[in-house]
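**Student:** Sharing a structure here in structure tokens format.
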Number of protein chains: 2
Amino acid sequence: MTRTPIRGAIPTDTTHSPAATWRTLDGDAVTIDGGLWAKRQATNRDAALPHGYRMLETAGNFENLRLAAGRSTGRYQGPVFMDSDVYKWLEAAAYEYARLPSEWLRSHMAQAIDIVGAAQGADGYLNSHYTVAEPGRRWTDFAQGHELYCAGHLFQAAVAHHRATGEESLLRIARRFAEYLVDRFGPGKHPGTPGHPEIEMGLIELYRETGDQRYVELARFFLDQRGHAWLGPGRYNSAAYYQDRVPVREASELEGHAVRSLYLTTGIADVYLETGEQALLSALERQWADLLGHKLYVTGGVGSRHLGEAFGQPYELPNDLAYDETCAAIASILWSWRMLLATGQGRFADLIDRTLHNAVLAGVSLDGERYFYVNPLASNGRPEYLGRGGCVRKEWHLVACCPPNVMRLLASLGHYVATRDDAGLQVHQYAPARIATSLAFGQRVRLRMETRYPWEGTVRLTVEESAGPWTLALRVPAWCGRPAARVNGGVVDAVQASDGYARLERSWRAGDVVELDLPMNATLIEPHPAIESTRGCVAIERGPLVYCLEQADQGDAPVAELEIDATATPAARWDPKLLEGIVTVRAPGFQVDTSSWRGRLYRPVGADPAPRWRRLELTTIPYYAWANRGPGAMRVWIPRATI
Amino acid sequence: MTRTPIRGAIPTDTTHSPAATWRTLDGDAVTIDGGLWAKRQATNRDAALPHGYRMLETAGNFENLRLAAGRSTGRYQGPVFMDSDVYKWLEAAAYEYARLPSEWLRSHMAQAIDIVGAAQGADGYLNSHYTVAEPGRRWTDFAQGHELYCAGHLFQAAVAHHRATGEESLLRIARRFAEYLVDRFGPGKHPGTPGHPEIEMGLIELYRETGDQRYVELARFFLDQRGHAWLGPGRYNSAAYYQDRVPVREASELEGHAVRSLYLTTGIADVYLETGEQALLSALERQWADLLGHKLYVTGGVGSRHLGEAFGQPYELPNDLAYDETCAAIASILWSWRMLLATGQGRFADLIDRTLHNAVLAGVSLDGERYFYVNPLASNGRPEYLGRGGCVRKEWHLVACCPPNVMRLLASLGHYVATRDDAGLQVHQYAPARIATSLAFGQRVRLRMETRYPWEGTVRLTVEESAGPWTLALRVPAWCGRPAARVNGGVVDAVQASDGYARLERSWRAGDVVELDLPMNATLIEPHPAIESTRGCVAIERGPLVYCLEQADQGDAPVAELEIDATATPAARWDPKLLEGIVTVRAPGFQVDTSSWRGRLYRPVGADPAPRWRRLELTTIPYYAWANRGPGAMRVWIPRATI
């Protein structure tokens with residue numbers, strides 16, 4: 001199979017995927033050029049990527065590879081999967097380079113690739129831990145060894161680098177390792193499946209870039225090995241922890257380690273896109289329903305349980321005790337993206353929107369150099385909590401999977417904005433941007449998108465190039481009750497079509513203007529009554545943003561003593577000076593005097609005089625912006641006043 | 001120092017403790033002869049102790065000791081602290097033997113002691129793990145090695161056995177090991193402090209039995225070593241986990257592993273009782289206030305956090321996610337008992353009453369052969385939860401600390417009923433019993449206690465022997481608002497005196513009758529508003545018992561859909577056939593139809609029609625009796641209907 005090489009910041013290429021409803025755009029089709037996303041991308045480029053490179057040096061990731069290459073002497077440092085952080089950083093750098101080349105990026109990618117290449121064995125095997133710290137022990141610990149996990153990240157980085165630069169250097173390394181794996185694993189060869197999925201999506205993307213069908217077969221082989229407790233028995237963790245309890249086609253629930261679970265579903269979705277095997281998609285649909293119905297935080301965060309970094313049981317969604325690893329939220333986006341490409345249903349883009357603007361963005365500080373591993377929905381203001389970050393982000397982690405994961409996602413945000421199909425173009429996410437692409441039938445299209453999303457719900461699209469009829473599909477988020485659209489000033493009927501998209505069919509000409517209006521009101525959200533931690537509380541949402549009370553905005557009233565008047569309507573206000581510019585939401589509330597409780601936790605109902613209250617105004621900020629002003633209490637779910 | 005040996009089921013002997021306000025009774029002063037406690041003691045004797053002996057054989061505890069003794073060949077089995085379960089079983093058996101000797105108990109104790117003695121080294125050292133599995137590695141892992149922990153349990157068992165039988169066999173073994181420890185550790189000798197406290201209370205009790213003051217000094221030495229992160233740095237757990245962050249005299253908070261924490265406070269209280277060092281008591285008072293004010297479940301359960309089996313932060317008290325290890329509740333009782341002896345304040349006996357009747361009794365099945373390690377306050381009815389028992393008790397655990405701990409507490413319940421001081425006799429716990437003791441000034445006293453406590457609050461005490469004036473102090477539990485008392489039919493004024501006791505001073509004669517009336521109403525309890533998991537809920541208490549909804553009593557209405565009408569008064573009813581006889585509490589409530597939520601977790605307030613309700617009657621049972629009728633949902637905290 002010969003394929004035209006694509007260029008750009010492209011994590012997923014479904015141009016040729018037989019089961020894709022929608023296809024990813026070619027080349028650098030989307031350029032985000034303003035607003036919140038552009039700001040986060042600039043910080044990611046200017047602060048996070050250089051910071052990450054330094055940290056990879058400090059933490060020993062590069063040094064481990066040098067040891068494996070025989071270029072240095074000393075001991076292996078850190079957990080077994082240190083190489084993967086290098087690969088994720090490389091992937092992020094490649095996307096950034098595709099967006100905007102720079103000499104710094106080029107030379108630092110080259111340095112990293114040089115070390116990686118030198119660390120590769122003559123047989124193609126590449127893993128600094130097993131080369132340096134456990135020589136002779138390759139493939140002895142599928143459950144926790146992370147060899148295939150690291151390989152998957154290498155493949156993703158190599159594809160990203162190739163698409164960004166056209167250079168073969170990293171791709172060659174990846175293909176040599178892939179050749180080693182193809183030789184070793186598969187039907188009739190060595191059995192095995194990874195304790196930490198990731199290789200599956202790495203292999204599929206490597207296939208998409210190279211056309212080598214064996215990679216699809218190997219990915220499917222790894223999937224087929226699962227569900228027979230091959231990894232589980234006799235080890236520290238259960239089969240469920242490794243998603244090895246149930247065969248992938250029979251799974252209905254998300255269980256076990258959240259990142260492993262969602263990297264697996266993402267890989268399965270990739271295999272589905274290339275094979276169209278319906279049983280895979282059906283299993284994913286069931287699990288996605290389990291997520292939305294039982295295991296999702298309002299922020300989009302997932303994986304509630306500290307113990308085992310795992311999904312909890314249905315409705316097990318504590319606030320201060322939430323785990324919600326940043327990587328799990330990113331994994332949720334990667335999965336939903338592939339579900340969107342497979343099905344063309346807007347609910348998947350809705351979840352990406354929610355997860356990105358809340359759970360993921362909260363994972364990194366506004367300055368780009370501090371990271372949360374754990375993302376609670378409430379904090380009592382203590383910096384440390386359960387041995388994790390509490391309300392203070394850290395510059396790096398001992399297990400540093402999250403920081404470079406954030407980097408690669410932010411650097412590739414443009415990828416998630418739009419797709420195409422035989423009928424035309426779909427816009428999924430709203431940000432100031434230029435879109436320039438060929439439609440499936442060859443027609444060249446250029447659009448300019450202007451919006452203040454996520455702060456305002458008006459989106460203006462100006463056609464800059466087009467020569468014929470096609471359908472523009474615009475996502476109408478589920479939070480929006482009364483969407484409206486005008487084309488060249490004329491009102492469009494029936495804006496909300498099926499599957500979450502408004503479809504505008506027309507022979508589009510340069511100069512045509514579409515105005516989409518998604519009225520954005522601050523809304524009080526109530527939780528399912530079976531969720532223990534949120535009973536009697538409401539959350540505030542406005543557009544895709546979830547809000548929180550942070551101590552810094554409440555004066556001398558402790559967050560723990562605040563209640564909201566849920567009968568009143570909250571008010572939104574643009575506050576350009578606060579936290580790099582945000583819309584704050586204010587609501588009337590009360591401070592409750594808890595002094596009558598002093599020293600005890602339980603008392604008979606009605607035994608004490610009613611508590612005293614003080615009226616005040618609560619100020620809430622977007623959840624993503626919390627913990628940027630020093631330690632302090634925070635909460636997303638606010639008790640409803642029962643006064 | 002020469003002491004008159006005492007005989008009986010006596011875990012703590014404060015007869016000569018200089019700082020004790022109240023002194024433990026001598027001999028078999030209290031015989032429980034009816035009611036709930038007698039039933040639990042009979043089951044403990046007839047079912048649990050033989051079951052435990054079998055399990056110690058099955059799990060390898062005895063075999064490990066045989067290996068250490070050179071009497072068998074094979075591999076050490078189980079965690080490092082397997083010996084301690086043998087010692088706790090021996091301690092339980094000794095108490096049972098003191099209550100009522102039997103040939104089975106005698107011969108099985110003798111067999112166990114024979115194996116223990118054979119496993120002891122020539123130098124006095126005794127630990128099967130380090131002898132068999134890690135020879136030459138003694139004292140290399142204070143944090144997790146559990147050598148001193150096992151020694152402490154040996155000492156307690158040896159003292160119990162000596163007090164029960166008058167025999168020296170186990171005491172000799174203990175004193176040889178104690179001699180080894182005294183030689184090895186102390187100022188100017190080997191430094192060290194145990195990662196798991198227990199040795200402290202073991203040493204103090206060994207001192208109380210033998211008069212050897214060096215044991216007090218060694219216990220104090222171990223305390224003095226703490227708080228300098230000697231155990232913590234560079235290991236898996238933090239210094240806080242091991243109570244090694246703060247010196248014991250400076251501690252104000254309970255933190256880290258709950259059982260370790262409370263075994264430490266118990267040992268400190270023991271050292272205080274023997275030394276009167278005020279700084280120790282002050283630190284304990286601060287920590288006890290932290291417990292009652294921030295970290296106590298309504299059941300008396302403690303140690304909310306699965307991760308690290310630890311205390312949470314203030315108000316971190318989730319229900320379904322509660323850890324509440326059975327051993328931690330037992331430790332809380334051991335500590336409160338010593339605080340009661342030290343201070344003479346009824347609040348400590350109140351907590352014992354609450355903890356025993358709820359958190360501890362729930363740890364064992366009604367048949368005595370199944371155990372909870374983890375005691376949640378809510379369950380969705382799944383048998384397994386977080387890798388622990390969920391709603392199904394297990395016959396034994398891989399870490400089997402809890403079962404024999406329950407056994408030794410139940411076998412010694414009589415010990416916690418009454419004490420004496422220079423003024424007379426104090427009754428702390430109410431159960432049908434005979435009390436026969438000498439008062440501090442030598443006067444012989446016999447009382448018969450008749451009561452249906454904890455089912456009814458009337459206690460009748462008949463003096464059967466007395467010849468002079470003394471004060472009878474009767475605890476008035478804090479839950480009781482309007483206590484009343486009559487002596488020989490005459491009403492007593494001012495029943496509720498200071499410190500939680502009604503004090504009746506009189507020249508008591510045989511035939512005198514005291515009737516204490518503690519009106520016991522089913523009461524709705526509200527939680528501190530800062531506790532996340534209980535917001536908008538109430539619990540039901542009646543006397544010392546906390547109630548719960550269990551699925552088996554609710555017909556076809558799922559527990560998860562039930563709400564309580566908190567404006568109505570619940571009604572209590574004796575139900576002799578249910579769960580070996582309990583008082584059930586019924587309250588009007590509602591079943592809420594949650595079908596409008598299907599498939600999602602969050603929605604705008606007011607966006608959907610109000611849910612439909614069905615009126616019904618809720619039936620609650622004592623928490624201790626749950627999970628005896630097969631798997632099913634349960635909850636202690638019941639949402640208040642907002643209809």
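Naming scheme: A, B, ... for chains in displayed order of the structure tokens; residues 1 onward per chain; ligands 1 onward as shown.
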Counting only C-alpha atoms, a student should be able to say which residues of chain A come within 9 Å of chain B; what is the right answer, written as a PyMOL selection string?
**Tutor:** chain A and resi 238+289-298+306-307+312-313+315-316+318-321+380+385-387+479+523-538+541+560-561+566+594+597-606+639
**Student:** Could you write out that same residue set with C-alpha atoms as an mmCIF file, in the first residue's frame?
**Tutor:**
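Everything below was put into again-v5.cif:
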data_model
loop_
_atom_site.group_PDB
_atom_site.id
_atom_site.type_symbol
_atom_site.label_atom_id
_atom_site.label_comp_id
_atom_site.auth_asym_id
_atom_site.auth_seq_id
_atom_site.Cartn_x
_atom_site.Cartn_y
_atom_site.Cartn_z
ATOM 1 C CA SER A 238 -6.133 -8.648 40.538
ATOM 2 C CA ALA A 289 -22.304 4.089 28.925
ATOM 3 C CA ASP A 290 -20.897 2.690 32.178
ATOM 4 C CA LEU A 291 -18.570 5.680 32.340
ATOM 5 C CA LEU A 292 -21.279 8.273 31.774
ATOM 6 C CA GLY A 293 -23.827 6.523 33.937
ATOM 7 C CA HIS A 294 -21.716 5.503 36.916
ATOM 8 C CA LYS A 295 -18.089 6.576 37.005
ATOM 9 C CA LEU A 296 -17.606 10.096 35.657
ATOM 10 C CA TYR A 297 -16.884 13.191 37.691
ATOM 11 C CA VAL A 298 -18.643 16.365 36.659
ATOM 12 C CA HIS A 306 -6.536 6.113 45.113
ATOM 13 C CA LEU A 307 -6.127 2.425 45.894
ATOM 14 C CA GLY A 312 -14.546 2.659 41.718
ATOM 15 C CA GLN A 313 -17.827 0.883 41.863
ATOM 16 C CA TYR A 315 -21.438 6.028 42.035
ATOM 17 C CA GLU A 316 -18.179 5.788 43.988
ATOM 18 C CA PRO A 318 -15.785 11.010 46.464
ATOM 19 C CA ASN A 319 -14.652 14.620 46.228
ATOM 20 C CA ASP A 320 -11.679 15.231 48.496
ATOM 21 C CA LEU A 321 -10.688 11.594 48.070
ATOM 22 C CA ASN A 380 -9.260 21.347 52.761
ATOM 23 C CA TYR A 385 -2.900 14.871 50.817
ATOM 24 C CA LEU A 386 -2.633 11.121 50.713
ATOM 25 C CA GLY A 387 0.987 11.476 49.764
ATOM 26 C CA TRP A 479 -25.532 21.791 27.783
ATOM 27 C CA THR A 523 -26.382 26.743 35.581
ATOM 28 C CA LEU A 524 -26.783 24.872 38.821
ATOM 29 C CA ILE A 525 -26.219 21.159 38.374
ATOM 30 C CA GLU A 526 -27.600 18.469 40.629
ATOM 31 C CA PRO A 527 -25.927 15.091 41.119
ATOM 32 C CA HIS A 528 -27.433 11.627 40.927
ATOM 33 C CA PRO A 529 -28.814 10.849 44.388
ATOM 34 C CA ALA A 530 -26.767 7.671 44.629
ATOM 35 C CA ILE A 531 -23.512 9.622 44.760
ATOM 36 C CA GLU A 532 -22.642 9.771 48.424
ATOM 37 C CA SER A 533 -20.286 12.732 48.459
ATOM 38 C CA THR A 534 -22.495 15.204 46.617
ATOM 39 C CA ARG A 535 -25.809 14.707 48.376
ATOM 40 C CA GLY A 536 -27.465 18.035 49.086
ATOM 41 C CA CYS A 537 -25.001 19.897 46.891
ATOM 42 C CA VAL A 538 -25.014 21.640 43.546
ATOM 43 C CA GLU A 541 -21.471 25.008 35.155
ATOM 44 C CA ALA A 560 -15.927 24.711 54.476
ATOM 45 C CA GLU A 561 -18.639 26.939 55.984
ATOM 46 C CA ALA A 566 -29.920 27.298 45.072
ATOM 47 C CA THR A 594 -20.500 25.612 63.019
ATOM 48 C CA TRP A 597 -20.376 21.569 66.983
ATOM 49 C CA ARG A 598 -17.002 22.177 68.509
ATOM 50 C CA GLY A 599 -15.375 19.015 69.706
ATOM 51 C CA ARG A 600 -17.891 16.495 68.442
ATOM 52 C CA LEU A 601 -19.077 14.980 65.209
ATOM 53 C CA TYR A 602 -22.588 13.702 65.991
ATOM 54 C CA ARG A 603 -25.571 14.973 67.940
ATOM 55 C CA PRO A 604 -29.303 14.362 68.167
ATOM 56 C CA VAL A 605 -31.375 16.162 65.568
ATOM 57 C CA GLY A 606 -32.863 19.279 67.091
ATOM 58 C CA PRO A 639 -23.961 22.486 49.823
#
**Student:** Select from stretch 391-528 of chain A everything DSSP, run on the backbone, classes as helix (DSSP H, G or I), then give the selection as a PyMOL selection string.
**Tutor:** chain A and resi 402-411+413-416+498-500
**Student:** Hey, which of A:Gly457, A:Gly300, A:Gly211, A:Gly589 ends up closest to A:Glu274? Count only C-alpha atoms.
**Tutor:**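 So, comparing all the options, the nearest one is A:Gly211.
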**Student:** What gap, in Å, lies between atom CA of B:Trp613 and atom CA of B:Val636?
**Tutor:**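 Between atom CA of B:Trp613 and atom CA of B:Val636 the gap is 21.1 Å.
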**Student:** Identify, on the basis of only C-alpha atoms, every residue whose closest approach to A:Arg452 does not exceed 7 Å; exclude the query and any residue fewer than 3 positions from it along the same chain; express the result as a ChimeraX atom specification.
**Tutor:** /A:35,455-456
**Student:** Produce a file of the selected residues containing N, CA and C atoms, as a short mmCIF file (atom, residue, chain, number, x, y, z; two decimals), in the first residue's frame.
**Tutor:**
data_model
loop_
_atom_site.label_atom_id
_atom_site.label_comp_id
_atom_site.auth_asym_id
_atom_site.auth_seq_id
_atom_site.Cartn_x
_atom_site.Cartn_y
_atom_site.Cartn_z
N GLY A 35 -7.45 33.15 22.06
CA GLY A 35 -8.29 32.64 23.13
C GLY A 35 -7.54 31.74 24.11
N TRP A 455 -15.70 31.27 26.95
CA TRP A 455 -16.28 32.34 27.78
C TRP A 455 -17.62 32.82 27.26
N GLU A 456 -17.79 32.76 25.94
CA GLU A 456 -19.06 33.12 25.35
C GLU A 456 -19.43 32.07 24.31
#
**Student:** Residues within 10 Å of stretch 460-469 of chain B, please, as an MDAnalysis selection string. Count only C-alpha atoms; anything in the same chain fewer than 5 positions from it doesn't count.
**Tutor:** chainID B and resid 423:424 430 432:438 443:452 485:488 505:517
**Student:** As a ChimeraX atom specification, please: every residue in stretch 465-605 of chain A that a backbone DSSP assignment puts in strand (DSSP E or B).
**Tutor:** /A:465,467-475,484-487,490-491,501-509,513-517,523-527,537-542,545-550,562-564,571-575,582-592,602-604
**Student:** Applying 9 Å and only C-alpha atoms, which residues near stretch 47-62 of chain A remain after dropping the ones on its own chain fewer than 3 positions away? List them as a ChimeraX atom specification.
**Tutor:** /A:42-44,65-67,76-78,82-86,89,92-93,105,108,112,115-116,128,367-370,395-396,398,403-404,407
**Student:** Give me, as JSON, numbers by chain, all polymer residues having an atom no more than 7 Å from stretch 615-618 of chain B, counting only C-alpha atoms and skipping those fewer than 2 positions away in the same chain.
**Tutor:** {"B": [554, 586, 587, 588, 589, 590, 591, 613, 620]}
**Student:** Please produce a file of the residues just selected, as a PDB file, in the first residue's frame, where the atoms kept are N, CA, C and O atoms.
**Tutor:**
ATOM      1  N   GLN B 554     -36.084  -4.765  53.850  1.00  0.00           N
ATOM      2  CA  GLN B 554     -36.784  -3.698  53.132  1.00  0.00           C
ATOM      3  C   GLN B 554     -37.659  -4.213  51.990  1.00  0.00           C
ATOM      4  O   GLN B 554     -38.113  -3.426  51.155  1.00  0.00           O
ATOM      5  N   ARG B 586     -38.173   1.127  63.640  1.00  0.00           N
ATOM      6  CA  ARG B 586     -38.883   1.424  62.405  1.00  0.00           C
ATOM      7  C   ARG B 586     -39.167   2.907  62.312  1.00  0.00           C
ATOM      8  O   ARG B 586     -39.417   3.561  63.318  1.00  0.00           O
ATOM      9  N   ALA B 587     -39.118   3.396  61.085  1.00  0.00           N
ATOM     10  CA  ALA B 587     -39.366   4.822  60.876  1.00  0.00           C
ATOM     11  C   ALA B 587     -40.068   5.005  59.539  1.00  0.00           C
ATOM     12  O   ALA B 587     -39.813   4.239  58.597  1.00  0.00           O
ATOM     13  N   PRO B 588     -40.944   5.979  59.452  1.00  0.00           N
ATOM     14  CA  PRO B 588     -41.580   6.233  58.163  1.00  0.00           C
ATOM     15  C   PRO B 588     -40.566   6.773  57.165  1.00  0.00           C
ATOM     16  O   PRO B 588     -39.654   7.521  57.533  1.00  0.00           O
ATOM     17  N   GLY B 589     -40.740   6.375  55.925  1.00  0.00           N
ATOM     18  CA  GLY B 589     -39.802   6.831  54.910  1.00  0.00           C
ATOM     19  C   GLY B 589     -40.415   6.769  53.530  1.00  0.00           C
ATOM     20  O   GLY B 589     -41.642   6.626  53.380  1.00  0.00           O
ATOM     21  N   PHE B 590     -39.565   6.872  52.551  1.00  0.00           N
ATOM     22  CA  PHE B 590     -40.007   6.933  51.168  1.00  0.00           C
ATOM     23  C   PHE B 590     -39.049   6.136  50.293  1.00  0.00           C
ATOM     24  O   PHE B 590     -37.851   6.080  50.572  1.00  0.00           O
ATOM     25  N   GLN B 591     -39.593   5.588  49.243  1.00  0.00           N
ATOM     26  CA  GLN B 591     -38.746   5.065  48.178  1.00  0.00           C
ATOM     27  C   GLN B 591     -38.783   6.072  47.041  1.00  0.00           C
ATOM     28  O   GLN B 591     -39.861   6.484  46.592  1.00  0.00           O
ATOM     29  N   TRP B 613     -42.427   9.370  44.518  1.00  0.00           N
ATOM     30  CA  TRP B 613     -42.093   8.774  45.809  1.00  0.00           C
ATOM     31  C   TRP B 613     -43.143   7.741  46.161  1.00  0.00           C
ATOM     32  O   TRP B 613     -44.287   7.824  45.755  1.00  0.00           O
ATOM     33  N   THR B 620     -34.934  -0.810  60.603  1.00  0.00           N
ATOM     34  CA  THR B 620     -33.485  -0.809  60.839  1.00  0.00           C
ATOM     35  C   THR B 620     -33.128  -1.815  61.928  1.00  0.00           C
ATOM     36  O   THR B 620     -33.924  -2.081  62.830  1.00  0.00           O
TER      37      THR B 620
END
